[in-house]
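The structure under discussion appears below in the form of structure tokens.
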Protein chains: 2
Amino acid sequence: MTSDQPTPTLQDVATAAGVSTATVSRCLNFPDQVTKRTRAKVMQAVNALSYSPNFGARAMASRRTNTIGAIIPTMENAVFARGLQAFQDELHSYGFTMLVASTSYRADIEEEQIRALVGRGADALLLIGHERSPNTYRFLETQNVPTLITWAFDTSLTRPSIGFDNRKAMRDMALKVIELGHRNLAFISARTTLNDRAKARQSGIEDAMAISELRASDLHMVETVYGIEQGATAFEQVMKAASQTTAVFCGNDVLAVGALRRAREMGVRVPEDVSVIGFDDIELAEVAYPALTTVHVPHREMGWRAGKALAELVTNGTPIEAIELDANPVFRGTLAPAKG
Amino acid sequence: MTSDQPTPTLQDVATAAGVSTATVSRCLNFPDQVTKRTRAKVMQAVNALSYSPNFGARAMASRRTNTIGAIIPTMENAVFARGLQAFQDELHSYGFTMLVASTSYRADIEEEQIRALVGRGADALLLIGHERSPNTYRFLETQNVPTLITWAFDTSLTRPSIGFDNRKAMRDMALKVIELGHRNLAFISARTTLNDRAKARQSGIEDAMAISELRASDLHMVETVYGIEQGATAFEQVMKAASQTTAVFCGNDVLAVGALRRAREMGVRVPEDVSVIGFDDIELAEVAYPALTTVHVPHREMGWRAGKALAELVTNGTPIEAIELDANPVFRGTLAPAKG
DNA sequence: AACTCAATTGCAAGCGCTTACATTTTGTGG
DNA sequence: CCACAAAATGTAAGCGCTTGCAATTGAGTT
């Protein structure tokens, strides 16, 4: 499989074209610093050899990688996909390459991935959410890799973010739900350890309850890991442990879709008996039946703005400006006034 | 933002620990070639400096990157996500890192991404489907980067694949559909240019028609780009242009879900009036209403087997063994006997 | 034809790391 | 306590590329 002809190097091209390596390098990187004639010769050699520059060497010599890393919790569901695609497209238009890594929502893996991407020379990093170990932040500091946080927005922290206020968004949604007469609320949450978004969403519901003179402590919480099946199980738990519940909030659409499914299986009618509310507004939400009431997240805008900010930071040193975007409730079929 | 203390190098660690760079290198790569005492000293220096090795330099010096690239058409939908996650997990267990890039189903971008990943030193590549320009294959050849094809299976080609036979899978599905009395069939296909999967799926339906003594040329084809909305539009076109259609095959679940939605909007009942069939069996399929009849693809197994094969090829030189997996019809709510 | 001066090109020094090979240290048995 | 092999460490030569600086080239002038 592995033949022995070594892959061609700059040197090979130079020899083939009868010029120095410097000229080839310039021809590739700054074409107009080179005569038309030389350029032709060099390009011909490049093609003849199918030469492709060695990225590591280039990065090392030039101390620039034109690479920006993105570390997301998961690739499994489309949650981050749309935003990431927009991020990548924007970066691409600036001539940057995106490197993605996923962490399965685990802090240790995240740290490992951060190191991996930094070691690979990422000029900057895109991270999801603010909360992580001080150690990780210290590392980023000493390596002095600029980072941008997304999927959250919090100016009280030093690190810039381009995202939305999870707490406020969920509060707004919860207020609407309470307005519809719901008093017995439950919340199926994703794991909250080192996940500020999950915590913020919970706080949002509690805020709304407090405002509406309900006792925040009455919120029936179930914490579970990510997944449709887990959402289903959690829903069943909720209905068993707190059968008077009329509105089930879910930390994200995936859990909500699971809840929906189990409701159907259990003969619980949505939204007649119980309302179900998601968060994220991914494709799943629209396709589910009944279509899911959820909090719409501006995936694409978040993605491209983040891409733009990072690209400009790296190329021109333009400091990142924190941007708060809106995340608004979208009302679809799974929400109805409380019965009775 | 960018402070001026340069990031620490191997040399810095060596100095701090009072040893040579060679020792630090060995300590990091082959810990047991080094005294416990030295190791302690070095590790302490490493931590104190938050040192992280420069990947490019390492790759260049050792001619190994421990990186395997995967190039997929899109990250937007979960189509490739699950398989990719499994691929990544498997690679990770072998100590490899995965690099992903997406092409938006465009051949030119694919070629660009292949070059990018190869330039980054990917030890091997995972590609989707067999069909691509000879030029691309030539490049892979001269760079001598081993590649594995997935999401397809075809032993008639030289390049090894671990996947399933799209044509056969779709044929089996179509036979069942025809068996249920459907005679007027339509196919909403993804773009077929440089997409052997799409073509194979079409051929599969045609095979089934031929077997069942229908005229393959009667299959009403609509070709469109990827997306729920596009699926919806295509469905409408089909119903207008060939209103007697009773079964609409879709090239993938995303299109099918779009078709489903438009059917509802148009007042066409699924499956009473028209049956809808997808392909891929991604989460969307299960969540859709009615749940989608589709061809189940063994995402996870394909992913981990590919990961294993590539990892073993790179580490031990074990040649890749082509593996054909099964992709079977899954019958859910959107398929019913033809009416009348 | 001699002379500027700017545009091209070549030279060579690294970038941060690994790894043969050489050297030193350590541990062992006599 | 010494000789000697084995283990640990150090030395230094690159890996393939970029880039500051010097040398060369070739117009354009006088």
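Chains: A, B, ... in order of the structure tokens. Residues: from 1 per chain. Ligands: from 1, in order shown.
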
Compile the residues of chain B that lie within 10 Å of chain D, evaluated using only C-alpha atoms (C1' of nucleotides), and express the compilation as an MDAnalysis selection string. chainID B and resid 19:23 33:35 38 57:63

What parts of segment 199-250 of chain B does DSSP call strand (DSSP E)? I'd like the answer as JSON, numbers by chain. {"B": [220, 221, 222, 223, 224, 247, 248, 249, 250]}

Show me, as a count of residues only, every residue of chain B with an atom at most 7 Å from chain A, counting only C-alpha atoms. 31

May I have all residues of segment 142-322 of chain B that DSSP, computed from the backbone, assigns to helix (DSSP H, G or I), given as a ChimeraX atom specification? /B:142,166-179,196-211,216-218,228-241,253-266,283-287,299-316

For chain B, work out the contacting residues on chain C at 6 Å, counting only C-alpha atoms (C1' of nucleotides), and write them as number ranges by chain. C: 16-18

Report, in Å with one decimal, the straight-line distance from atom CA of Leu219 of chain B to atom CA of Lys339 of chain B. 18.5 Å

List the spatial neighbours of Met170 of chain A as a compact mmCIF listing (two decimals) with N, CA and C atoms, in the first residue's frame - criterion: any atom at most 9 Å away, only C-alpha atoms (C1' of nucleotides), same-chain residues fewer than 5 positions off excluded.
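selection_7.txt written:
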```txt
# COMPACT_ATOMS: atom_id res chain seq x y z
N ASP A 165 -28.44 35.06 26.09
CA ASP A 165 -28.57 34.87 27.52
C ASP A 165 -29.53 33.71 27.78
N LEU A 175 -42.32 32.34 31.52
CA LEU A 175 -43.37 33.30 31.85
C LEU A 175 -44.60 33.06 30.99
N ALA A 200 -28.12 27.83 33.69
CA ALA A 200 -28.79 29.09 33.40
C ALA A 200 -30.24 28.85 33.00
N ARG A 201 -30.46 27.79 32.24
CA ARG A 201 -31.82 27.52 31.80
C ARG A 201 -32.71 27.18 33.00
N GLN A 202 -32.14 26.44 33.92
CA GLN A 202 -32.89 26.13 35.13
C GLN A 202 -33.21 27.43 35.88
N SER A 203 -32.19 28.24 36.06
CA SER A 203 -32.41 29.50 36.78
C SER A 203 -33.48 30.33 36.10
N GLY A 204 -33.51 30.27 34.80
CA GLY A 204 -34.51 31.03 34.06
C GLY A 204 -35.93 30.63 34.46
N ILE A 205 -36.15 29.33 34.55
CA ILE A 205 -37.48 28.87 34.94
C ILE A 205 -37.77 29.34 36.36
N ALA A 208 -38.73 32.91 36.54
CA ALA A 208 -40.11 33.13 36.11
C ALA A 208 -41.09 32.73 37.20
N PHE A 279 -35.73 23.41 23.82
CA PHE A 279 -34.80 24.53 23.76
C PHE A 279 -33.79 24.22 22.66
N VAL A 295 -37.32 27.22 22.41
CA VAL A 295 -36.67 28.52 22.34
C VAL A 295 -35.76 28.54 21.12
N ALA A 327 -32.67 35.13 21.70
CA ALA A 327 -33.17 33.77 21.57
C ALA A 327 -34.61 33.84 22.04
N ASN A 328 -35.52 33.66 21.11
CA ASN A 328 -36.93 33.86 21.46
C ASN A 328 -37.77 32.61 21.41
N PRO A 329 -38.82 32.58 22.22
CA PRO A 329 -39.74 31.45 22.21
C PRO A 329 -40.40 31.30 20.84
```

For segment 301-305 of chain B, work out the shell of residues within 9 Å, counting only C-alpha atoms (C1' of nucleotides) and skipping chain neighbours fewer than 2 positions away, then give it as JSON, numbers by chain. {"B": [82, 83, 84, 85, 86, 87, 88, 89, 90, 91, 150, 151, 162, 163, 164, 297, 298, 299, 307, 308, 309, 310, 323, 325]}

Any chance you could export the current selection's C-alpha atoms as a tab-separated table (two decimals), in the first residue's frame?
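Contents of the output file selection.tsv:
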```
chain	number	residue	atom	x	y	z
B	82	ARG	CA	-23.38	9.23	14.26
B	83	GLY	CA	-21.00	7.24	12.12
B	84	LEU	CA	-18.34	9.87	12.51
B	85	GLN	CA	-18.66	9.86	16.26
B	86	ALA	CA	-18.14	6.11	16.30
B	87	PHE	CA	-15.19	6.52	13.95
B	88	GLN	CA	-13.66	9.13	16.18
B	89	ASP	CA	-14.18	7.09	19.33
B	90	GLU	CA	-12.49	4.11	17.78
B	91	LEU	CA	-9.56	6.15	16.53
B	150	THR	CA	-17.38	4.23	3.36
B	151	TRP	CA	-21.12	4.63	2.86
B	162	ILE	CA	-16.42	-0.64	4.34
B	163	GLY	CA	-20.06	0.03	3.83
B	164	PHE	CA	-23.18	-1.31	2.29
B	297	VAL	CA	-27.92	2.22	7.65
B	298	PRO	CA	-25.52	0.73	10.21
B	299	HIS	CA	-23.96	4.08	11.03
B	307	GLY	CA	-11.77	3.53	12.44
B	308	LYS	CA	-10.35	0.20	13.43
B	309	ALA	CA	-9.28	-0.69	9.92
B	310	LEU	CA	-7.51	2.60	9.35
B	323	ILE	CA	-16.41	-5.33	4.62
B	325	LEU	CA	-22.54	-4.49	5.99
```

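Minimum atom-to-atom distances from B:Arg64, B:Glu179, B:Val276, B:Asn166 to Ile211 of chain B were compared using only C-alpha atoms, and the lowest value belongs to B:Glu179.
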
Skip Leu255 of chain A itself and residues of its chain fewer than 2 positions away, then list as a PyMOL selection string all residues within 10 Å of it, counting only C-alpha atoms (C1' of nucleotides). chain A and resi 188-190+224-235+249-253+257-261+277-279
